[in-house]
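Participant: What follows is a structure written as structure tokens; I'll ask about it next.
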There are 2 protein chains.
Amino acid sequence: MKTRQPKIVVYSPNQAKDYENMIRKQGYTNVFSASSPAEVKEIIADTEILLCWKFPLHLLSETDSIKWIQSLGAGVDDLVSSPHVSKQSQLTRIVDQFGVPIAEYVFSYFLHFNQRITAIQSAQKEKKWAPFEPELLSGKTIGIAGLGSIGGEMIRKARAFDMKIHGLSVSGKQAQFVDKHFHPDEWREFVKELDYLVLVLPFTENTYHVVNRDILLAMKPSAYLVNVGRGQVVAEDDLIDVLKSGHLRGAVLDVFEHEPLSEESPLWEMPNVYVTPHLSGISTPSRVGHFFLENLKRYINEEELAGIVDRNSGY
Amino acid sequence: MKTRQPKIVVYSPNQAKDYENMIRKQGYTNVFSASSPAEVKEIIADTEILLCWKFPLHLLSETDSIKWIQSLGAGVDDLVSSPHVSKQSQLTRIVDQFGVPIAEYVFSYFLHFNQRITAIQSAQKEKKWAPFEPELLSGKTIGIAGLGSIGGEMIRKARAFDMKIHGLSVSGKQAQFVDKHFHPDEWREFVKELDYLVLVLPFTENTYHVVNRDILLAMKPSAYLVNVGRGQVVAEDDLIDVLKSGHLRGAVLDVFEHEPLSEESPLWEMPNVYVTPHLSGISTPSRVGHFFLENLKRYINEEELAGIVDRNSGY
């Protein structure tokens with residue numbers, strides 16, 4: 001039996017109950033979960049700790065007891081920008097959990113393009129034996145925009161594939177691990193030599209539409225774009241125009257300006273565009289539950305939390 | 001002008017002329033090429049050096065002048081087993097050139113399965129937004145049968161993906177780089193814990209059909225098989241039966257008992273089988289030309305050649 005039982009509310013459209021059970025198993029008894037705005041409205045009063053994903057933020061006005069909000073994801077743009085989130089409450093995000101899955105996602109698509117697996121599958125259907133020389137990652141140049149823990153894992157994989165590695169970041173953290181480092185005022189220089197541009201950036205006022213027509217046209221026509229950060233970083237209409245013009249060989253998009261991606265979006269039907277439903281760094285109880293439980297121990301013991309969000313930088 | 005101009009014949013069904021030009025560019029003038037048995041029959045007399053791929057071996061009886069045969073590939077089973085190849089001539093194969101392309105091929109298919117890229121493509125066609133949790137390579141166990149330079153490159157990639165690595169080899173070379181090492185009398189033990197079995201073995205009398213029904217059924221039903229070595233290592237009919245029974249989740253086959261794979265083979269139409277046309281370590285002038293030219297310098301200088309084949313072990 002825990003000495004202190006703060007009221008914990010879990011909110012997640014799909015997995016709230018899983019998280020609740022996981023937390024209860026550790027001896028916490030004052031835990032509730034909700035999967036819809038109507039449900040959470042019933043239980044939000046007197047909540048001390050909120051563990052949430054896509055929380056209906058206007059409902060925060062129903063309570064002033066919240067002391068700590070733990071996001072279930074790495075990106076917290078919605079929480080940082082909301083007027084409903086009290087600056088008095090602690091805000092934390094998941095860190096160091098998504099590097100491996102996101103890097104595996106990214107390299108799977110790089111290799112998929114190079115090995116022309118879609119074409120191989122078609123040839124197989126026709127029982128056609130037609131050898132070709134697959135392109136290699138070895139010797140190619142990858143540019144990673146955003147050098148946090150996810151970018152760091154990408155660097156590690158890119159080394160094993162003997163790629164040249166360029167990086168762009170605000171802080172210069174991990175700059176010593178890339179072959180060339182660029183600052184955010186050097187986007188055009190950064191992109192121009194890349195074979196693969198991977199965006200792992202958070203959505204902040206500084207990154208909004210930073211990858212626009214200018215930057216896309218500064219890329220090599222033969223380059224690929226992969227976005228696993230936030231959709232708002234790319235000017236989606238510009239990207240569509242540029243791809244339609246034949247510039248860029250392909251794009252792999254796991255994030256979009258509006259999610260789920262509207263059925264009206266031309267991206268769904270564009271050749272050489274892969275649309276994936278924001279799954280590269282999907283939050284699961286097994287993946288992020290451990291992180292929250294560790295943080296909860298720290299909270300109870302009044303120690304500093306992991307993943308504290310700097311509200312000025314926005315991540 | 002070179003001091004000595006040995007007669008060099010290049011034989012390759014598709015790229016003989018490319019190799020000839022590459023060799024001539026280095027100052028060798030006594031160079032000829034052929035793409036068919038009829039062509040090579042005209043020029044084979046007095047040949048000192050033969051650079052070849054799929055050479056019509058019975059034609060070697062037309063000459064007794066050949067002192068050195070350089071294979072354009074890593075596998076030399078046809079040359080080692082042929083009674084037409086004089087034991088007096090030196091026999092070399094390409095080494096240390098195929099690790100990178102073959103490892104990239106292998107990891108592309110691992111990741112392709114885990115990320116369910118084929119299913120993602122179907123969902124995209126239907127404009128369906130349906131997130132799921134992709135499986136990860138991280139934490140999975142790979143078994144590499146054959147720990148030469150190609151197996152070594154596979155080990156390096158597998159480390160970057162945080163896999164457990166089991167290896168099987170005759171010599172025990174590179175055994176210190178795997179987590180568990182097995183000898184060829186331990187096949188059943190070797191395969192039983194694997195999530196991915198990768199065959200990089202040469203075809204010798206010891207490896208013929210070594211992966212048979214018994215070994216396949218000793219594997220986990222959820223495992224994948226990848227063959228990038230030689231088709232004869234796998235008892236193809238056994239593999240077909242085992243896959244049809246639902247054991248094994250998939251197979252990626254770049255090599256076959258008879259190549260090109262016959263249109264009659266059921267492998268073409270089996271779900272979860274990927275048939276690729278022996279391209280994972282394809283020989284190209286840029287890739288192996290350099291290797292031959294270095295060896296040619298050594299030959300002229302009467303130094304020891306690289307890639308000398310041990311006719312007893314067969315590779």
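By order in the structure tokens, chains are A, B, ...; within a chain, residues start at 1; ligands start at 1, following the order shown.
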Taking only C-alpha atoms into account, report as number ranges by chain which residues of chain B lie within 9 Å of chain A.

Facilitator: B: 100-101, 104-105, 107-112, 114-115, 117-118, 120-121, 123-138, 156-157, 159-161, 260-263, 268-269, 274-284

Participant: Name the residues of range 166-257 of chain A that come out as strand (DSSP E) in a backbone DSSP run; write them as an mmCIF file with C-alpha atoms, in the first residue's frame.

Facilitator:
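Wrote result_8.cif, looks like this:
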```cif
data_model
loop_
_atom_site.group_PDB
_atom_site.id
_atom_site.type_symbol
_atom_site.label_atom_id
_atom_site.label_comp_id
_atom_site.auth_asym_id
_atom_site.auth_seq_id
_atom_site.Cartn_x
_atom_site.Cartn_y
_atom_site.Cartn_z
ATOM 1 C CA HIS A 166 24.618 16.004 -41.839
ATOM 2 C CA GLY A 167 22.626 17.409 -38.937
ATOM 3 C CA LEU A 168 20.663 20.558 -38.164
ATOM 4 C CA LYS A 180 28.614 18.455 -40.812
ATOM 5 C CA HIS A 181 26.426 20.495 -38.474
ATOM 6 C CA PHE A 182 24.120 23.333 -39.489
ATOM 7 C CA TYR A 196 17.661 11.792 -47.726
ATOM 8 C CA LEU A 197 16.199 14.546 -45.552
ATOM 9 C CA VAL A 198 14.636 13.309 -42.312
ATOM 10 C CA LEU A 199 12.577 15.711 -40.200
ATOM 11 C CA TYR A 224 13.798 11.755 -50.632
ATOM 12 C CA LEU A 225 11.951 13.521 -47.815
ATOM 13 C CA VAL A 226 10.839 11.717 -44.658
ATOM 14 C CA ASN A 227 8.782 13.459 -41.967
ATOM 15 C CA GLY A 250 9.690 10.467 -53.097
ATOM 16 C CA ALA A 251 8.258 11.398 -49.721
ATOM 17 C CA VAL A 252 7.424 9.286 -46.705
ATOM 18 C CA LEU A 253 5.001 11.081 -44.444
#
```

Participant: Write out as a ChimeraX atom specification each polymer residue whose atoms come within 12 Å of Tyr19 in chain B, counting only C-alpha atoms; drop sequence neighbours fewer than 6 positions from it.

Facilitator: /B:8-13,25-26,28,31-35,50-53,72,283-293

Participant: Grab the residues selected above and save them as a compact mmCIF listing (two decimals), in the first residue's frame with C-alpha atoms.

Facilitator:
```
# COMPACT_ATOMS: atom_id res chain seq x y z
CA ILE B 8 43.18 -12.07 -70.95
CA VAL B 9 39.73 -13.34 -71.85
CA VAL B 10 36.58 -12.00 -70.20
CA TYR B 11 33.43 -14.12 -70.29
CA SER B 12 30.09 -12.84 -69.00
CA PRO B 13 26.63 -13.26 -70.53
CA LYS B 25 41.90 1.49 -69.80
CA GLN B 26 44.61 0.34 -67.40
CA TYR B 28 46.45 -3.90 -70.96
CA VAL B 31 42.29 -8.42 -73.85
CA PHE B 32 39.28 -10.13 -75.48
CA SER B 33 35.70 -10.66 -74.44
CA ALA B 34 32.84 -13.00 -75.22
CA SER B 35 29.19 -13.32 -74.19
CA LEU B 50 40.25 -16.01 -67.63
CA LEU B 51 37.89 -13.58 -65.88
CA CYS B 52 34.50 -15.23 -65.99
CA TRP B 53 30.93 -15.74 -64.84
CA LEU B 72 33.39 -12.68 -61.16
CA SER B 283 28.60 -8.50 -59.72
CA THR B 284 29.12 -5.24 -61.57
CA PRO B 285 32.19 -3.80 -63.26
CA SER B 286 32.37 -1.01 -60.69
CA ARG B 287 32.07 -3.44 -57.78
CA VAL B 288 34.40 -6.27 -58.81
CA GLY B 289 36.47 -4.67 -61.58
CA HIS B 290 38.71 -2.98 -59.01
CA PHE B 291 39.24 -6.32 -57.27
CA PHE B 292 40.37 -8.00 -60.52
CA LEU B 293 42.67 -5.13 -61.53
```

Participant: Write down as JSON, numbers by chain the residues belonging to range 31-280 of chain B that are assigned helix (DSSP H, G or I) by DSSP computed on the backbone.

Facilitator: {"B": [37, 38, 39, 40, 41, 42, 43, 57, 58, 59, 60, 61, 62, 77, 78, 79, 80, 81, 99, 100, 101, 102, 103, 104, 105, 106, 107, 108, 109, 110, 111, 112, 113, 114, 117, 118, 119, 120, 121, 122, 123, 124, 125, 149, 150, 151, 152, 153, 154, 155, 156, 157, 158, 159, 160, 175, 176, 177, 184, 185, 186, 187, 188, 189, 190, 191, 213, 214, 215, 216, 217, 218, 231, 232, 233, 236, 237, 238, 239, 240, 241, 242, 243, 244, 266, 267, 268, 269]}

Participant: Give me the residues within 12 Å of Leu217 in chain A as a list in words, counting only C-alpha atoms and dropping any in the same chain fewer than 6 places off.

Facilitator: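 Contacts, in chain order: Trp187, Arg188, Glu189, Val191, Lys192, Val211, Ala223, Leu225, Asp238, Leu239, Asp241, Val242, Leu243, Ser245, Gly246, His247 and Leu248 of chain A.
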
Participant: Write a file of the selected residues as a CSV table (one decimal), in the first residue's frame, keeping N, CA, C and O atoms.

Facilitator:
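Result file is result-v1.csv:
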```csv
chain,number,residue,atom,x,y,z
A,187,TRP,N,19.3,26.5,-43.4
A,187,TRP,CA,18.5,25.5,-44.0
A,187,TRP,C,18.8,25.2,-45.4
A,187,TRP,O,19.0,24.0,-45.8
A,188,ARG,N,19.0,26.2,-46.2
A,188,ARG,CA,19.3,26.0,-47.7
A,188,ARG,C,20.6,25.3,-47.9
A,188,ARG,O,20.7,24.4,-48.7
A,189,GLU,N,21.6,25.7,-47.1
A,189,GLU,CA,22.9,25.0,-47.2
A,189,GLU,C,22.8,23.6,-46.8
A,189,GLU,O,23.4,22.7,-47.3
A,191,VAL,N,20.3,21.5,-46.8
A,191,VAL,CA,19.6,20.5,-47.6
A,191,VAL,C,20.2,20.2,-48.9
A,191,VAL,O,19.9,19.1,-49.6
A,192,LYS,N,21.1,21.1,-49.4
A,192,LYS,CA,21.4,21.0,-50.8
A,192,LYS,C,22.2,19.7,-51.2
A,192,LYS,O,22.2,19.3,-52.4
A,211,VAL,N,10.0,24.0,-43.7
A,211,VAL,CA,10.3,23.3,-44.9
A,211,VAL,C,9.2,23.7,-45.9
A,211,VAL,O,8.2,23.1,-46.0
A,223,ALA,N,16.4,13.6,-54.4
A,223,ALA,CA,16.4,13.3,-52.9
A,223,ALA,C,15.0,12.8,-52.5
A,223,ALA,O,14.0,13.0,-53.2
A,225,LEU,N,12.3,12.8,-49.0
A,225,LEU,CA,12.0,13.5,-47.8
A,225,LEU,C,11.2,12.6,-46.9
A,225,LEU,O,10.3,11.9,-47.4
A,238,ASP,N,3.0,23.3,-50.5
A,238,ASP,CA,4.2,23.5,-51.2
A,238,ASP,C,4.8,22.1,-51.6
A,238,ASP,O,5.2,21.9,-52.7
A,239,LEU,N,4.8,21.2,-50.6
A,239,LEU,CA,5.3,19.9,-50.9
A,239,LEU,C,4.6,19.2,-52.0
A,239,LEU,O,5.2,18.6,-52.9
A,241,ASP,N,2.9,20.6,-54.5
A,241,ASP,CA,3.3,21.2,-55.8
A,241,ASP,C,4.7,20.8,-56.3
A,241,ASP,O,4.9,20.5,-57.4
A,242,VAL,N,5.6,20.8,-55.3
A,242,VAL,CA,7.0,20.4,-55.7
A,242,VAL,C,7.1,19.0,-56.2
A,242,VAL,O,7.7,18.7,-57.2
A,243,LEU,N,6.4,18.1,-55.5
A,243,LEU,CA,6.4,16.7,-55.9
A,243,LEU,C,5.7,16.5,-57.3
A,243,LEU,O,6.2,15.8,-58.1
A,245,SER,N,5.7,18.7,-59.6
A,245,SER,CA,6.6,19.2,-60.6
A,245,SER,C,7.7,18.2,-61.0
A,245,SER,O,8.5,18.4,-61.9
A,246,GLY,N,7.8,17.1,-60.2
A,246,GLY,CA,8.8,16.1,-60.5
A,246,GLY,C,10.1,16.3,-59.7
A,246,GLY,O,11.0,15.5,-59.9
A,247,HIS,N,10.1,17.3,-58.9
A,247,HIS,CA,11.3,17.5,-58.1
A,247,HIS,C,11.1,16.6,-56.9
A,247,HIS,O,10.0,16.5,-56.4
A,248,LEU,N,12.2,16.0,-56.4
A,248,LEU,CA,12.2,15.0,-55.3
A,248,LEU,C,11.7,13.6,-55.9
A,248,LEU,O,10.8,13.6,-56.7
```

Participant: Could you name the residues that touch His209 in chain A at 10 Å or less, counting only C-alpha atoms, but leaving out those on the same chain fewer than 2 positions away, as a list in words?

Facilitator: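 Contacts, with the query itself left out: Phe203, Thr204, Glu205, Asn206, Thr207, Val211, Asn212, Arg213, Gly231, Gln232, Val233, Val234, Ala235, Glu236, Asp238 and Glu257 of chain A.
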
Participant: Could you work out how far CA of Val255 in chain B lies from CA of Arg230 in chain B, giving the answer in Å with one decimal?

Facilitator: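 So the two atoms, CA of Arg230 in chain B and CA of Val255 in chain B, lie 5.6 Å apart.
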
Participant: Neighbouring residues of Thr29 in chain A were defined as those with any atom within 12 Å, considering only C-alpha atoms; residues of the same chain fewer than 3 positions away were excluded. Please report them as a ChimeraX atom specification.

Facilitator: /A:1-9,20-26,32

Participant: Have a look at CA of Asp18 in chain B and CA of Arg311 in chain B and let me know their distance in Å, one decimal.

Facilitator: 29.3 Å

Participant: Grab the CA of Gly314 in chain A to CA of Phe98 in chain A distance for me, in Å with one decimal place.

Facilitator: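 For CA of Gly314 in chain A relative to CA of Phe98 in chain A, the distance reads 18.2 Å.
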